[in-house]
Amino acid sequence: MEVTAQEEVFVIFIILHLSSTFYAMRSGFFQKPHGLRKDIVRFFSLPIPRTVWEKVKALQDAPFVKFVEKCYAFPGLPTEH
């Protein structure tokens with residue numbers, strides 16, 4: 001899939017925001033928002049975000065990548081785990 005530079009930058013900003021949120025939750029700064037996993041699945045199911053994720057995930061920390069990939073591996077989760 002062809003992704004424009006603007007689309008890539010936008011998705012990278014969202015990934016960075018999600019990464020910051022992930023580490024803030026792990027540190028106990030706030031609780032995980034209800035529906036977070038479903039949001040991740042919906043976002044990364046879209047072609048542009050998925051293409052950008054595959055390109056930049058090697059630049060992310062392993063725990064964050066594992067979290068995102070685990071969410072994506074189980075689409076349609078009935079409850080938060």
# chains A, B, ... in the order shown; residues from 1 in each chain; ligands from 1
>>> closest_atom_pairs(of="range 54-76 of chain A", to="range 20-28 of chain A", cutoff="10 Å", atoms="only C-alpha atoms", output="CSV")
residue,atom,partner,partner_atom,distance
A:Pro63,CA,A:Tyr23,CA,9.3
A:Phe64,CA,A:Phe22,CA,7.0
A:Phe67,CA,A:Phe22,CA,8.5
A:Val68,CA,A:Phe22,CA,9.6
>>> closest_residue(among="A:Leu36, A:Leu59, A:Val41, A:Ile48", to="Glu7 in chain A", atoms="only C-alpha atoms")
A:Ile48
>>> closest_residue(among="A:Lys38, A:Pro33, A:Phe43, A:Leu18", to="Gln60 in chain A", atoms="only C-alpha atoms")
A:Leu18
>>> residues_around(residues="Val52 in chain A", least_positions_apart="6", cutoff="12 Å", atoms="only C-alpha atoms", output="PyMOL selection string")
chain A and resi 1-15+43-46+58-59
>>> atom_distance(atom1="CA of Asp39 in chain A", atom2="CA of Lys55 in chain A")
20.0 Å
>>> closest_residue(among="A:Ala62, A:Lys32, A:Glu69, A:Arg37", to="Arg50 in chain A", atoms="only C-alpha atoms")
A:Glu69
>>> atom_distance(atom1="CA of Asp61 in chain A", atom2="CA of His34 in chain A")
23.5 Å
>>> atom_distance(atom1="CA of Val65 in chain A", atom2="CA of Trp53 in chain A")
9.6 Å
>>> select_by_dssp(residues="chain A", states="alpha helix (DSSP H)", output="VMD selection string")
chain A and resid 5 to 26 36 to 45 47 to 56 62 to 73
>>> decode(residues="chain A", atoms="C-alpha atoms", output="PDB file, in the first residue's frame")
ATOM      1  CA  MET A   1       0.000   0.000   0.000  1.00  0.00           C
ATOM      2  CA  GLU A   2       1.224   3.467  -0.899  1.00  0.00           C
ATOM      3  CA  VAL A   3       1.276   5.804   2.117  1.00  0.00           C
ATOM      4  CA  THR A   4       1.882   9.527   1.772  1.00  0.00           C
ATOM      5  CA  ALA A   5       4.451  11.281   3.946  1.00  0.00           C
ATOM      6  CA  GLN A   6       1.686  13.188   5.734  1.00  0.00           C
ATOM      7  CA  GLU A   7      -0.236   9.988   6.476  1.00  0.00           C
ATOM      8  CA  GLU A   8       2.902   8.316   7.797  1.00  0.00           C
ATOM      9  CA  VAL A   9       3.739  11.225  10.102  1.00  0.00           C
ATOM     10  CA  PHE A  10       0.158  11.323  11.418  1.00  0.00           C
ATOM     11  CA  VAL A  11       0.168   7.585  12.196  1.00  0.00           C
ATOM     12  CA  ILE A  12       3.608   7.820  13.808  1.00  0.00           C
ATOM     13  CA  PHE A  13       2.297  10.588  16.094  1.00  0.00           C
ATOM     14  CA  ILE A  14      -0.571   8.317  17.126  1.00  0.00           C
ATOM     15  CA  ILE A  15       1.837   5.423  17.730  1.00  0.00           C
ATOM     16  CA  LEU A  16       4.039   7.677  19.893  1.00  0.00           C
ATOM     17  CA  HIS A  17       0.980   8.836  21.842  1.00  0.00           C
ATOM     18  CA  LEU A  18      -0.106   5.229  22.330  1.00  0.00           C
ATOM     19  CA  SER A  19       3.393   4.286  23.468  1.00  0.00           C
ATOM     20  CA  SER A  20       3.428   7.098  26.030  1.00  0.00           C
ATOM     21  CA  THR A  21       0.014   6.013  27.265  1.00  0.00           C
ATOM     22  CA  PHE A  22       1.185   2.401  27.536  1.00  0.00           C
ATOM     23  CA  TYR A  23       4.156   3.345  29.723  1.00  0.00           C
ATOM     24  CA  ALA A  24       2.093   5.750  31.839  1.00  0.00           C
ATOM     25  CA  MET A  25      -0.381   2.920  32.531  1.00  0.00           C
ATOM     26  CA  ARG A  26       2.454   0.530  33.392  1.00  0.00           C
ATOM     27  CA  SER A  27       3.861   3.097  35.811  1.00  0.00           C
ATOM     28  CA  GLY A  28       0.506   3.463  37.517  1.00  0.00           C
ATOM     29  CA  PHE A  29      -0.116   7.069  36.523  1.00  0.00           C
ATOM     30  CA  PHE A  30      -3.617   6.176  35.385  1.00  0.00           C
ATOM     31  CA  GLN A  31      -5.822   3.193  34.702  1.00  0.00           C
ATOM     32  CA  LYS A  32      -6.218   1.592  31.315  1.00  0.00           C
ATOM     33  CA  PRO A  33      -9.118   3.191  29.456  1.00  0.00           C
ATOM     34  CA  HIS A  34     -12.088   0.919  28.864  1.00  0.00           C
ATOM     35  CA  GLY A  35     -12.015  -0.342  25.288  1.00  0.00           C
ATOM     36  CA  LEU A  36      -8.324   0.341  24.711  1.00  0.00           C
ATOM     37  CA  ARG A  37      -7.690  -3.042  23.104  1.00  0.00           C
ATOM     38  CA  LYS A  38     -10.666  -2.637  20.779  1.00  0.00           C
ATOM     39  CA  ASP A  39      -9.397   0.815  19.785  1.00  0.00           C
ATOM     40  CA  ILE A  40      -5.980  -0.655  18.994  1.00  0.00           C
ATOM     41  CA  VAL A  41      -7.523  -3.461  16.948  1.00  0.00           C
ATOM     42  CA  ARG A  42      -9.741  -1.043  15.006  1.00  0.00           C
ATOM     43  CA  PHE A  43      -6.908   1.390  14.349  1.00  0.00           C
ATOM     44  CA  PHE A  44      -4.301  -1.155  13.257  1.00  0.00           C
ATOM     45  CA  SER A  45      -6.869  -3.036  11.173  1.00  0.00           C
ATOM     46  CA  LEU A  46      -6.988  -0.054   8.834  1.00  0.00           C
ATOM     47  CA  PRO A  47      -4.606  -0.361   5.875  1.00  0.00           C
ATOM     48  CA  ILE A  48      -2.576   2.821   6.367  1.00  0.00           C
ATOM     49  CA  PRO A  49      -1.960   2.434  10.126  1.00  0.00           C
ATOM     50  CA  ARG A  50      -1.119  -1.266   9.644  1.00  0.00           C
ATOM     51  CA  THR A  51       1.358  -0.463   6.859  1.00  0.00           C
ATOM     52  CA  VAL A  52       3.055   2.242   8.925  1.00  0.00           C
ATOM     53  CA  TRP A  53       3.111   0.003  12.040  1.00  0.00           C
ATOM     54  CA  GLU A  54       4.872  -2.762  10.111  1.00  0.00           C
ATOM     55  CA  LYS A  55       7.438  -0.200   8.981  1.00  0.00           C
ATOM     56  CA  VAL A  56       8.143   1.420  12.362  1.00  0.00           C
ATOM     57  CA  LYS A  57       7.532  -1.302  14.961  1.00  0.00           C
ATOM     58  CA  ALA A  58      11.208  -2.304  14.857  1.00  0.00           C
ATOM     59  CA  LEU A  59      11.970   1.179  16.237  1.00  0.00           C
ATOM     60  CA  GLN A  60       9.677   0.722  19.269  1.00  0.00           C
ATOM     61  CA  ASP A  61      10.488  -0.847  22.631  1.00  0.00           C
ATOM     62  CA  ALA A  62       9.852  -4.591  22.816  1.00  0.00           C
ATOM     63  CA  PRO A  63       7.228  -4.447  25.635  1.00  0.00           C
ATOM     64  CA  PHE A  64       5.157  -1.915  23.697  1.00  0.00           C
ATOM     65  CA  VAL A  65       5.370  -3.920  20.465  1.00  0.00           C
ATOM     66  CA  LYS A  66       4.368  -7.053  22.330  1.00  0.00           C
ATOM     67  CA  PHE A  67       1.336  -5.253  23.806  1.00  0.00           C
ATOM     68  CA  VAL A  68       0.158  -3.945  20.428  1.00  0.00           C
ATOM     69  CA  GLU A  69       0.751  -7.247  18.678  1.00  0.00           C
ATOM     70  CA  LYS A  70      -1.072  -9.141  21.425  1.00  0.00           C
ATOM     71  CA  CYS A  71      -4.068  -6.818  21.063  1.00  0.00           C
ATOM     72  CA  TYR A  72      -4.077  -7.258  17.324  1.00  0.00           C
ATOM     73  CA  ALA A  73      -3.730 -11.046  17.606  1.00  0.00           C
ATOM     74  CA  PHE A  74      -7.079 -11.290  19.407  1.00  0.00           C
ATOM     75  CA  PRO A  75      -9.517  -9.022  17.568  1.00  0.00           C
ATOM     76  CA  GLY A  76     -13.005  -8.753  18.950  1.00  0.00           C
ATOM     77  CA  LEU A  77     -12.074  -9.388  22.563  1.00  0.00           C
ATOM     78  CA  PRO A  78     -15.274  -9.481  24.582  1.00  0.00           C
ATOM     79  CA  THR A  79     -13.693  -7.953  27.689  1.00  0.00           C
ATOM     80  CA  GLU A  80     -10.561  -6.110  28.740  1.00  0.00           C
ATOM     81  CA  HIS A  81      -7.760  -8.329  30.052  1.00  0.00           C
TER      82      HIS A  81
END
